[in-house]
Amino acid sequence: MPINFDDPKHLISHSREEIDDVERLARAYVASRKYTPMIHVDAETREKVFTIKIEGGPLPPKIANHVKDATGNLRDALDHAVYCATVGLRGGGAPKYTGFPFADSAKGIEGELDGPRLRDNAPEIRQLLIGFQPYKGGNDTLWALNQMRNPGTHRFIVPVGAIERVTNVTVSNGVIRNGGLRFDSRWLPATNEIEYMRVGGDSHLDCQVQASARIAFENIEAVAGKEVISTLRLMEDEVERVVGAIEAETRRIVGR
């Protein structure tokens, strides 16, 4: 029976298309943001408060949907690769209990491979799978992928959000009085502004400020705060590497 790894490769290819969609939507969202410099006076302290007012629509829900689909396909590609290897090494058949192992430790990986869930995995690729170190503190890229798609979390949508931030402040001229200058980043939800600087009320400053948005993961330990597109691309590359290594080892063992 010929060795065939088309299924996991198709899943990776589809995931790549989903990530492209995420990037397209994220770029459009970031480009749509409008940042307007503002100066207010604090009614209590009489300080001048420098802010950036943010205008633009909410983050498109489709971004989270595409992220979910992309990570799901990448995770499934790993399981399919093990299945394809097992079928190829057995010369056929339809094994029911195969899959890619994940755990929170190196010892846990061996426990997974010895357990009932993966009992049909081809023993010839056992050491290869262990060598991928798909556990926390080992290959954190693979472990993070599994955390995002872990069915035990009952998570239907991968949480992502926009992080707005001041990226550069340039003061070209001015006088600072009464309390000096304080840089402070604070979100003001009532007015949709970012506070970034305070000076004494009698101060005068000419300054230029720049701000930007980035799309990041939320509420998942393995990826919280990480930029979405670069993280997904890293996961895609790693899954492609792992699937390629499983296929190459399978072909080496059977001699073709």
# chains A, B, ... in the order shown; residues from 1 in each chain; ligands from 1

call {"tool": "select_by_dssp", "arguments": {"residues": "region 116-220 of chain A", "states": "strand (DSSP E or B)", "output": "PyMOL selection string"}}
result
chain A and resi 135+160-175+181-188+193-199+204-217

call {"tool": "residues_around", "arguments": {"residues": "region 136-149 of chain A", "least_positions_apart": "4", "cutoff": "9 Å", "atoms": "only C-alpha atoms", "output": "PDB file with N, CA and C atoms, in the first residue's frame"}}
result
ATOM      1  N   LYS A  68      -9.804  30.155  15.168  1.00  0.00           N
ATOM      2  CA  LYS A  68     -10.290  28.853  15.642  1.00  0.00           C
ATOM      3  C   LYS A  68     -10.119  27.792  14.564  1.00  0.00           C
ATOM      4  N   THR A  71      -6.224  27.015  13.898  1.00  0.00           N
ATOM      5  CA  THR A  71      -5.579  26.204  14.938  1.00  0.00           C
ATOM      6  C   THR A  71      -6.161  24.796  14.982  1.00  0.00           C
ATOM      7  N   GLY A  72      -7.461  24.683  14.713  1.00  0.00           N
ATOM      8  CA  GLY A  72      -8.069  23.358  14.677  1.00  0.00           C
ATOM      9  C   GLY A  72      -7.492  22.498  13.570  1.00  0.00           C
ATOM     10  N   LEU A  74      -4.514  22.820  12.160  1.00  0.00           N
ATOM     11  CA  LEU A  74      -3.125  22.483  12.473  1.00  0.00           C
ATOM     12  C   LEU A  74      -3.054  21.356  13.498  1.00  0.00           C
ATOM     13  N   ARG A  75      -3.896  21.452  14.515  1.00  0.00           N
ATOM     14  CA  ARG A  75      -3.919  20.387  15.529  1.00  0.00           C
ATOM     15  C   ARG A  75      -4.346  19.061  14.914  1.00  0.00           C
ATOM     16  N   PHE A 102       0.154  14.717  23.649  1.00  0.00           N
ATOM     17  CA  PHE A 102       0.415  15.990  24.317  1.00  0.00           C
ATOM     18  C   PHE A 102       0.304  15.778  25.814  1.00  0.00           C
ATOM     19  N   ALA A 103       1.085  16.526  26.565  1.00  0.00           N
ATOM     20  CA  ALA A 103       1.025  16.430  28.024  1.00  0.00           C
ATOM     21  C   ALA A 103       1.673  17.672  28.622  1.00  0.00           C
ATOM     22  N   ASP A 104       1.627  17.767  29.939  1.00  0.00           N
ATOM     23  CA  ASP A 104       2.239  18.904  30.629  1.00  0.00           C
ATOM     24  C   ASP A 104       3.680  18.642  31.030  1.00  0.00           C
ATOM     25  N   SER A 105       4.184  17.431  30.752  1.00  0.00           N
ATOM     26  CA  SER A 105       5.563  17.094  31.116  1.00  0.00           C
ATOM     27  C   SER A 105       6.066  15.987  30.210  1.00  0.00           C
ATOM     28  N   ALA A 106       7.389  15.768  30.224  1.00  0.00           N
ATOM     29  CA  ALA A 106       7.982  14.697  29.418  1.00  0.00           C
ATOM     30  C   ALA A 106       7.458  13.336  29.864  1.00  0.00           C
ATOM     31  N   PHE A 132       9.778  15.089  19.695  1.00  0.00           N
ATOM     32  CA  PHE A 132       9.205  16.399  19.369  1.00  0.00           C
ATOM     33  C   PHE A 132       8.949  17.236  20.625  1.00  0.00           C
ATOM     34  N   THR A 153     -11.341  22.358  27.594  1.00  0.00           N
ATOM     35  CA  THR A 153     -11.697  23.726  27.974  1.00  0.00           C
ATOM     36  C   THR A 153     -13.107  24.089  27.525  1.00  0.00           C
ATOM     37  N   ARG A 155     -13.935  25.281  24.806  1.00  0.00           N
ATOM     38  CA  ARG A 155     -13.808  26.588  24.192  1.00  0.00           C
ATOM     39  C   ARG A 155     -14.216  26.504  22.726  1.00  0.00           C
ATOM     40  N   PHE A 156     -15.224  27.283  22.335  1.00  0.00           N
ATOM     41  CA  PHE A 156     -15.685  27.270  20.954  1.00  0.00           C
ATOM     42  C   PHE A 156     -15.063  28.393  20.131  1.00  0.00           C
ATOM     43  N   VAL A 158     -11.667  31.004  20.014  1.00  0.00           N
ATOM     44  CA  VAL A 158     -10.368  31.370  20.577  1.00  0.00           C
ATOM     45  C   VAL A 158     -10.397  32.866  20.898  1.00  0.00           C
ATOM     46  N   ILE A 220      -5.534  32.697  27.456  1.00  0.00           N
ATOM     47  CA  ILE A 220      -5.011  31.345  27.284  1.00  0.00           C
ATOM     48  C   ILE A 220      -3.551  31.393  27.733  1.00  0.00           C
ATOM     49  N   GLU A 221      -3.239  30.669  28.777  1.00  0.00           N
ATOM     50  CA  GLU A 221      -1.918  30.774  29.404  1.00  0.00           C
ATOM     51  C   GLU A 221      -0.777  30.708  28.402  1.00  0.00           C
ATOM     52  N   ALA A 222      -0.843  29.773  27.492  1.00  0.00           N
ATOM     53  CA  ALA A 222       0.286  29.518  26.600  1.00  0.00           C
ATOM     54  C   ALA A 222       0.579  30.662  25.639  1.00  0.00           C
ATOM     55  N   VAL A 223      -0.432  31.461  25.299  1.00  0.00           N
ATOM     56  CA  VAL A 223      -0.238  32.494  24.281  1.00  0.00           C
ATOM     57  C   VAL A 223      -0.743  33.869  24.697  1.00  0.00           C
ATOM     58  N   THR A 231       2.292  34.422  15.802  1.00  0.00           N
ATOM     59  CA  THR A 231       2.161  33.184  16.569  1.00  0.00           C
ATOM     60  C   THR A 231       1.575  32.082  15.708  1.00  0.00           C
ATOM     61  N   LEU A 232       0.544  32.407  14.930  1.00  0.00           N
ATOM     62  CA  LEU A 232      -0.059  31.410  14.049  1.00  0.00           C
ATOM     63  C   LEU A 232       0.931  30.944  12.977  1.00  0.00           C
ATOM     64  N   LEU A 234       4.151  30.838  13.224  1.00  0.00           N
ATOM     65  CA  LEU A 234       5.121  29.976  13.892  1.00  0.00           C
ATOM     66  C   LEU A 234       4.544  28.579  14.094  1.00  0.00           C
ATOM     67  N   MET A 235       3.283  28.499  14.511  1.00  0.00           N
ATOM     68  CA  MET A 235       2.635  27.201  14.700  1.00  0.00           C
ATOM     69  C   MET A 235       2.509  26.454  13.380  1.00  0.00           C
ATOM     70  N   GLU A 238       5.865  25.019  12.429  1.00  0.00           N
ATOM     71  CA  GLU A 238       6.264  23.903  13.280  1.00  0.00           C
ATOM     72  C   GLU A 238       5.465  22.641  12.951  1.00  0.00           C
ATOM     73  N   VAL A 239       4.173  22.788  12.720  1.00  0.00           N
ATOM     74  CA  VAL A 239       3.359  21.619  12.355  1.00  0.00           C
ATOM     75  C   VAL A 239       3.818  21.053  11.010  1.00  0.00           C
TER      76      VAL A 239
END

call {"tool": "closest_residue", "arguments": {"among": "A:Val171, A:Ala31, A:Ala85, A:Val49", "to": "Ala213 (chain A)", "atoms": "only C-alpha atoms"}}
result
A:Ala31

call {"tool": "closest_residue", "arguments": {"among": "A:Val242, A:Leu128, A:Val67, A:Ala43", "to": "Glu110 (chain A)", "atoms": "only C-alpha atoms"}}
result
A:Leu128

call {"tool": "residues_around", "arguments": {"residues": "Ile163 (chain A)", "least_positions_apart": "4", "cutoff": "9 Å", "atoms": "only C-alpha atoms", "output": "PDB file with N, CA and C atoms, in the first residue's frame"}}
result
ATOM      1  N   SER A 212      -0.754  52.858  17.918  1.00  0.00           N
ATOM      2  CA  SER A 212      -1.057  51.760  16.992  1.00  0.00           C
ATOM      3  C   SER A 212      -1.872  50.695  17.720  1.00  0.00           C
ATOM      4  N   ALA A 213      -2.416  49.790  16.943  1.00  0.00           N
ATOM      5  CA  ALA A 213      -3.165  48.656  17.497  1.00  0.00           C
ATOM      6  C   ALA A 213      -2.508  47.365  17.035  1.00  0.00           C
ATOM      7  N   ARG A 214      -2.601  46.339  17.871  1.00  0.00           N
ATOM      8  CA  ARG A 214      -2.170  45.008  17.453  1.00  0.00           C
ATOM      9  C   ARG A 214      -3.179  43.994  17.964  1.00  0.00           C
ATOM     10  N   ILE A 215      -3.301  42.896  17.245  1.00  0.00           N
ATOM     11  CA  ILE A 215      -4.265  41.860  17.594  1.00  0.00           C
ATOM     12  C   ILE A 215      -3.515  40.780  18.374  1.00  0.00           C
ATOM     13  N   ALA A 216      -3.982  40.492  19.580  1.00  0.00           N
ATOM     14  CA  ALA A 216      -3.272  39.561  20.454  1.00  0.00           C
ATOM     15  C   ALA A 216      -4.240  38.557  21.065  1.00  0.00           C
ATOM     16  N   GLY A 225      -1.363  37.492  25.410  1.00  0.00           N
ATOM     17  CA  GLY A 225      -0.593  38.689  25.102  1.00  0.00           C
ATOM     18  C   GLY A 225       0.255  38.601  23.855  1.00  0.00           C
TER      19      GLY A 225
END

call {"tool": "closest_residue", "arguments": {"among": "A:Ala211, A:Val254, A:Ile246, A:Ile176", "to": "Lys48 (chain A)", "atoms": "only C-alpha atoms"}}
result
A:Ile176

call {"tool": "closest_residue", "arguments": {"among": "A:Ile63, A:Leu129, A:Ile12, A:Ile54", "to": "Ala77 (chain A)", "atoms": "only C-alpha atoms"}}
result
A:Ile12

call {"tool": "select_by_dssp", "arguments": {"residues": "region 37-249 of chain A", "states": "alpha helix (DSSP H)", "output": "VMD selection string"}}
result
chain A and resid 61 to 90 106 to 114 126 to 131 140 to 148 228 to 249

call {"tool": "residues_around", "arguments": {"residues": "Tyr35 (chain A)", "least_positions_apart": "6", "cutoff": "12 Å", "atoms": "only C-alpha atoms", "output": "list in words"}}
result
Thr51, Ile52, Lys53, Ile54, Glu55, Gly56, Glu164, Arg165, Val166, Thr167, Asn192, Glu193, Ile194, Gln208, Val209, Gln210, Ala211, Ser212 and Ala213 of chain A

call {"tool": "atom_distance", "arguments": {"atom1": "CA of Gly244 (chain A)", "atom2": "CA of Phe5 (chain A)"}}
result
9.0 Å

call {"tool": "closest_residue", "arguments": {"among": "A:Glu23, A:Glu247, A:Glu218, A:Glu236", "to": "Val82 (chain A)", "atoms": "only C-alpha atoms"}}
result
A:Glu247

call {"tool": "atom_distance", "arguments": {"atom1": "CA of Lys96 (chain A)", "atom2": "CA of Asp237 (chain A)"}}
result
27.6 Å

call {"tool": "decode", "arguments": {"residues": "region 61-202 of chain A", "atoms": "C-alpha atoms", "output": "PDB file, in the first residue's frame"}}
result
ATOM      1  CA  PRO A  61     -15.770  38.554  15.069  1.00  0.00           C
ATOM      2  CA  LYS A  62     -14.587  36.756  11.930  1.00  0.00           C
ATOM      3  CA  ILE A  63     -11.008  37.131  13.131  1.00  0.00           C
ATOM      4  CA  ALA A  64     -11.641  34.850  16.111  1.00  0.00           C
ATOM      5  CA  ASN A  65     -13.545  32.402  13.897  1.00  0.00           C
ATOM      6  CA  HIS A  66     -10.675  32.140  11.418  1.00  0.00           C
ATOM      7  CA  VAL A  67      -8.179  31.707  14.265  1.00  0.00           C
ATOM      8  CA  LYS A  68     -10.290  28.853  15.642  1.00  0.00           C
ATOM      9  CA  ASP A  69     -10.415  27.139  12.249  1.00  0.00           C
ATOM     10  CA  ALA A  70      -6.697  27.619  11.601  1.00  0.00           C
ATOM     11  CA  THR A  71      -5.579  26.204  14.938  1.00  0.00           C
ATOM     12  CA  GLY A  72      -8.069  23.358  14.677  1.00  0.00           C
ATOM     13  CA  ASN A  73      -6.717  22.320  11.283  1.00  0.00           C
ATOM     14  CA  LEU A  74      -3.125  22.483  12.473  1.00  0.00           C
ATOM     15  CA  ARG A  75      -3.919  20.387  15.529  1.00  0.00           C
ATOM     16  CA  ASP A  76      -5.826  17.856  13.406  1.00  0.00           C
ATOM     17  CA  ALA A  77      -2.930  17.666  10.930  1.00  0.00           C
ATOM     18  CA  LEU A  78      -0.713  16.234  13.686  1.00  0.00           C
ATOM     19  CA  ASP A  79      -3.226  13.495  14.507  1.00  0.00           C
ATOM     20  CA  HIS A  80      -3.705  12.698  10.816  1.00  0.00           C
ATOM     21  CA  ALA A  81       0.055  12.427  10.302  1.00  0.00           C
ATOM     22  CA  VAL A  82       0.313   9.783  13.031  1.00  0.00           C
ATOM     23  CA  TYR A  83      -2.630   7.917  11.508  1.00  0.00           C
ATOM     24  CA  CYS A  84      -1.032   8.019   8.029  1.00  0.00           C
ATOM     25  CA  ALA A  85       2.259   6.776   9.453  1.00  0.00           C
ATOM     26  CA  THR A  86       0.551   3.916  11.289  1.00  0.00           C
ATOM     27  CA  VAL A  87      -1.366   2.824   8.177  1.00  0.00           C
ATOM     28  CA  GLY A  88       1.781   3.063   6.070  1.00  0.00           C
ATOM     29  CA  LEU A  89       3.883   1.070   8.512  1.00  0.00           C
ATOM     30  CA  ARG A  90       1.203  -1.630   8.854  1.00  0.00           C
ATOM     31  CA  GLY A  91       0.696  -1.829   5.117  1.00  0.00           C
ATOM     32  CA  GLY A  92      -2.963  -0.852   5.402  1.00  0.00           C
ATOM     33  CA  GLY A  93      -5.849  -1.174   7.801  1.00  0.00           C
ATOM     34  CA  ALA A  94      -7.998   1.375   9.611  1.00  0.00           C
ATOM     35  CA  PRO A  95      -6.659   1.845  13.176  1.00  0.00           C
ATOM     36  CA  LYS A  96      -9.096   3.573  15.540  1.00  0.00           C
ATOM     37  CA  TYR A  97      -6.891   4.684  18.396  1.00  0.00           C
ATOM     38  CA  THR A  98      -4.108   6.805  16.977  1.00  0.00           C
ATOM     39  CA  GLY A  99      -3.083  10.386  17.559  1.00  0.00           C
ATOM     40  CA  PHE A 100      -0.372  12.846  18.423  1.00  0.00           C
ATOM     41  CA  PRO A 101       0.574  12.888  22.125  1.00  0.00           C
ATOM     42  CA  PHE A 102       0.415  15.990  24.317  1.00  0.00           C
ATOM     43  CA  ALA A 103       1.025  16.430  28.024  1.00  0.00           C
ATOM     44  CA  ASP A 104       2.239  18.904  30.629  1.00  0.00           C
ATOM     45  CA  SER A 105       5.563  17.094  31.116  1.00  0.00           C
ATOM     46  CA  ALA A 106       7.982  14.697  29.418  1.00  0.00           C
ATOM     47  CA  LYS A 107       6.812  11.884  31.681  1.00  0.00           C
ATOM     48  CA  GLY A 108       3.237  12.656  30.709  1.00  0.00           C
ATOM     49  CA  ILE A 109       4.040  12.099  27.026  1.00  0.00           C
ATOM     50  CA  GLU A 110       5.155   8.546  27.703  1.00  0.00           C
ATOM     51  CA  GLY A 111       2.015   8.017  29.757  1.00  0.00           C
ATOM     52  CA  GLU A 112      -0.096   9.218  26.843  1.00  0.00           C
ATOM     53  CA  LEU A 113       1.653   6.857  24.433  1.00  0.00           C
ATOM     54  CA  ASP A 114       1.163   3.955  26.843  1.00  0.00           C
ATOM     55  CA  GLY A 115      -2.499   4.760  27.459  1.00  0.00           C
ATOM     56  CA  PRO A 116      -5.632   3.487  25.711  1.00  0.00           C
ATOM     57  CA  ARG A 117      -6.280   6.637  23.660  1.00  0.00           C
ATOM     58  CA  LEU A 118      -3.191   6.077  21.482  1.00  0.00           C
ATOM     59  CA  ARG A 119      -2.851   2.322  21.767  1.00  0.00           C
ATOM     60  CA  ASP A 120      -2.896   1.778  17.981  1.00  0.00           C
ATOM     61  CA  ASN A 121      -0.008   4.174  17.266  1.00  0.00           C
ATOM     62  CA  ALA A 122       2.774   2.486  15.322  1.00  0.00           C
ATOM     63  CA  PRO A 123       5.545   1.668  17.836  1.00  0.00           C
ATOM     64  CA  GLU A 124       8.162   2.393  15.170  1.00  0.00           C
ATOM     65  CA  ILE A 125       7.531   6.163  15.489  1.00  0.00           C
ATOM     66  CA  ARG A 126       7.237   6.254  19.291  1.00  0.00           C
ATOM     67  CA  GLN A 127      10.703   7.729  19.890  1.00  0.00           C
ATOM     68  CA  LEU A 128      10.218  10.225  17.089  1.00  0.00           C
ATOM     69  CA  LEU A 129       7.019  11.498  18.709  1.00  0.00           C
ATOM     70  CA  ILE A 130       8.720  11.723  22.118  1.00  0.00           C
ATOM     71  CA  GLY A 131      11.563  13.636  20.487  1.00  0.00           C
ATOM     72  CA  PHE A 132       9.205  16.399  19.369  1.00  0.00           C
ATOM     73  CA  GLN A 133       8.817  17.285  23.094  1.00  0.00           C
ATOM     74  CA  PRO A 134       5.139  18.318  22.829  1.00  0.00           C
ATOM     75  CA  TYR A 135       4.821  19.358  26.451  1.00  0.00           C
ATOM     76  CA  LYS A 136       5.086  22.525  28.530  1.00  0.00           C
ATOM     77  CA  GLY A 137       8.729  23.551  28.800  1.00  0.00           C
ATOM     78  CA  GLY A 138       9.650  21.329  25.840  1.00  0.00           C
ATOM     79  CA  ASN A 139       8.307  22.427  22.474  1.00  0.00           C
ATOM     80  CA  ASP A 140       6.188  25.302  23.704  1.00  0.00           C
ATOM     81  CA  THR A 141       4.913  26.077  20.211  1.00  0.00           C
ATOM     82  CA  LEU A 142       3.262  22.655  19.933  1.00  0.00           C
ATOM     83  CA  TRP A 143       2.089  22.749  23.548  1.00  0.00           C
ATOM     84  CA  ALA A 144       0.512  26.163  22.992  1.00  0.00           C
ATOM     85  CA  LEU A 145      -1.307  24.896  19.908  1.00  0.00           C
ATOM     86  CA  ASN A 146      -2.801  22.058  21.916  1.00  0.00           C
ATOM     87  CA  GLN A 147      -3.801  24.408  24.724  1.00  0.00           C
ATOM     88  CA  MET A 148      -5.693  26.540  22.244  1.00  0.00           C
ATOM     89  CA  ARG A 149      -7.552  23.526  20.896  1.00  0.00           C
ATOM     90  CA  ASN A 150      -7.829  21.473  24.079  1.00  0.00           C
ATOM     91  CA  PRO A 151     -11.372  20.039  24.103  1.00  0.00           C
ATOM     92  CA  GLY A 152     -11.305  19.942  27.901  1.00  0.00           C
ATOM     93  CA  THR A 153     -11.697  23.726  27.974  1.00  0.00           C
ATOM     94  CA  HIS A 154     -15.033  23.554  26.095  1.00  0.00           C
ATOM     95  CA  ARG A 155     -13.808  26.588  24.192  1.00  0.00           C
ATOM     96  CA  PHE A 156     -15.685  27.270  20.954  1.00  0.00           C
ATOM     97  CA  ILE A 157     -14.060  30.602  20.103  1.00  0.00           C
ATOM     98  CA  VAL A 158     -10.368  31.370  20.577  1.00  0.00           C
ATOM     99  CA  PRO A 159     -10.290  34.665  22.525  1.00  0.00           C
ATOM    100  CA  VAL A 160      -8.463  37.439  20.703  1.00  0.00           C
ATOM    101  CA  GLY A 161      -8.569  41.189  21.185  1.00  0.00           C
ATOM    102  CA  ALA A 162      -7.068  44.476  20.106  1.00  0.00           C
ATOM    103  CA  ILE A 163      -4.358  46.110  22.181  1.00  0.00           C
ATOM    104  CA  GLU A 164      -4.169  49.857  21.586  1.00  0.00           C
ATOM    105  CA  ARG A 165      -0.953  51.515  22.698  1.00  0.00           C
ATOM    106  CA  VAL A 166       1.073  54.707  22.453  1.00  0.00           C
ATOM    107  CA  THR A 167       4.251  53.851  20.578  1.00  0.00           C
ATOM    108  CA  ASN A 168       6.177  57.117  20.513  1.00  0.00           C
ATOM    109  CA  VAL A 169       6.081  60.533  22.206  1.00  0.00           C
ATOM    110  CA  THR A 170       8.326  63.378  21.009  1.00  0.00           C
ATOM    111  CA  VAL A 171       8.481  66.669  22.917  1.00  0.00           C
ATOM    112  CA  SER A 172       9.852  69.429  20.677  1.00  0.00           C
ATOM    113  CA  ASN A 173       9.396  72.517  22.825  1.00  0.00           C
ATOM    114  CA  GLY A 174       7.824  73.774  26.044  1.00  0.00           C
ATOM    115  CA  VAL A 175       8.039  74.659  29.713  1.00  0.00           C
ATOM    116  CA  ILE A 176       7.243  72.278  32.587  1.00  0.00           C
ATOM    117  CA  ARG A 177       6.054  73.758  35.882  1.00  0.00           C
ATOM    118  CA  ASN A 178       4.246  72.746  39.084  1.00  0.00           C
ATOM    119  CA  GLY A 179       4.917  69.069  39.664  1.00  0.00           C
ATOM    120  CA  GLY A 180       7.014  68.159  36.665  1.00  0.00           C
ATOM    121  CA  LEU A 181       6.207  65.557  34.034  1.00  0.00           C
ATOM    122  CA  ARG A 182       4.828  62.038  34.479  1.00  0.00           C
ATOM    123  CA  PHE A 183       4.510  59.374  31.823  1.00  0.00           C
ATOM    124  CA  ASP A 184       1.661  56.994  32.546  1.00  0.00           C
ATOM    125  CA  SER A 185      -0.304  54.644  30.276  1.00  0.00           C
ATOM    126  CA  ARG A 186      -3.921  54.302  31.335  1.00  0.00           C
ATOM    127  CA  TRP A 187      -7.042  53.271  29.449  1.00  0.00           C
ATOM    128  CA  LEU A 188     -10.054  55.590  29.838  1.00  0.00           C
ATOM    129  CA  PRO A 189     -13.039  53.481  28.724  1.00  0.00           C
ATOM    130  CA  ALA A 190     -15.651  56.208  29.231  1.00  0.00           C
ATOM    131  CA  THR A 191     -14.108  58.355  26.494  1.00  0.00           C
ATOM    132  CA  ASN A 192     -12.235  55.674  24.516  1.00  0.00           C
ATOM    133  CA  GLU A 193      -8.882  57.334  25.174  1.00  0.00           C
ATOM    134  CA  ILE A 194      -5.387  56.348  26.268  1.00  0.00           C
ATOM    135  CA  GLU A 195      -3.791  58.652  28.811  1.00  0.00           C
ATOM    136  CA  TYR A 196      -0.017  58.732  28.323  1.00  0.00           C
ATOM    137  CA  MET A 197       1.364  61.860  30.044  1.00  0.00           C
ATOM    138  CA  ARG A 198       0.628  64.463  32.745  1.00  0.00           C
ATOM    139  CA  VAL A 199       2.253  67.825  33.484  1.00  0.00           C
ATOM    140  CA  GLY A 200       1.619  70.672  35.900  1.00  0.00           C
ATOM    141  CA  GLY A 201      -1.287  72.911  35.015  1.00  0.00           C
ATOM    142  CA  ASP A 202       0.907  75.929  34.178  1.00  0.00           C
TER     143      ASP A 202
END
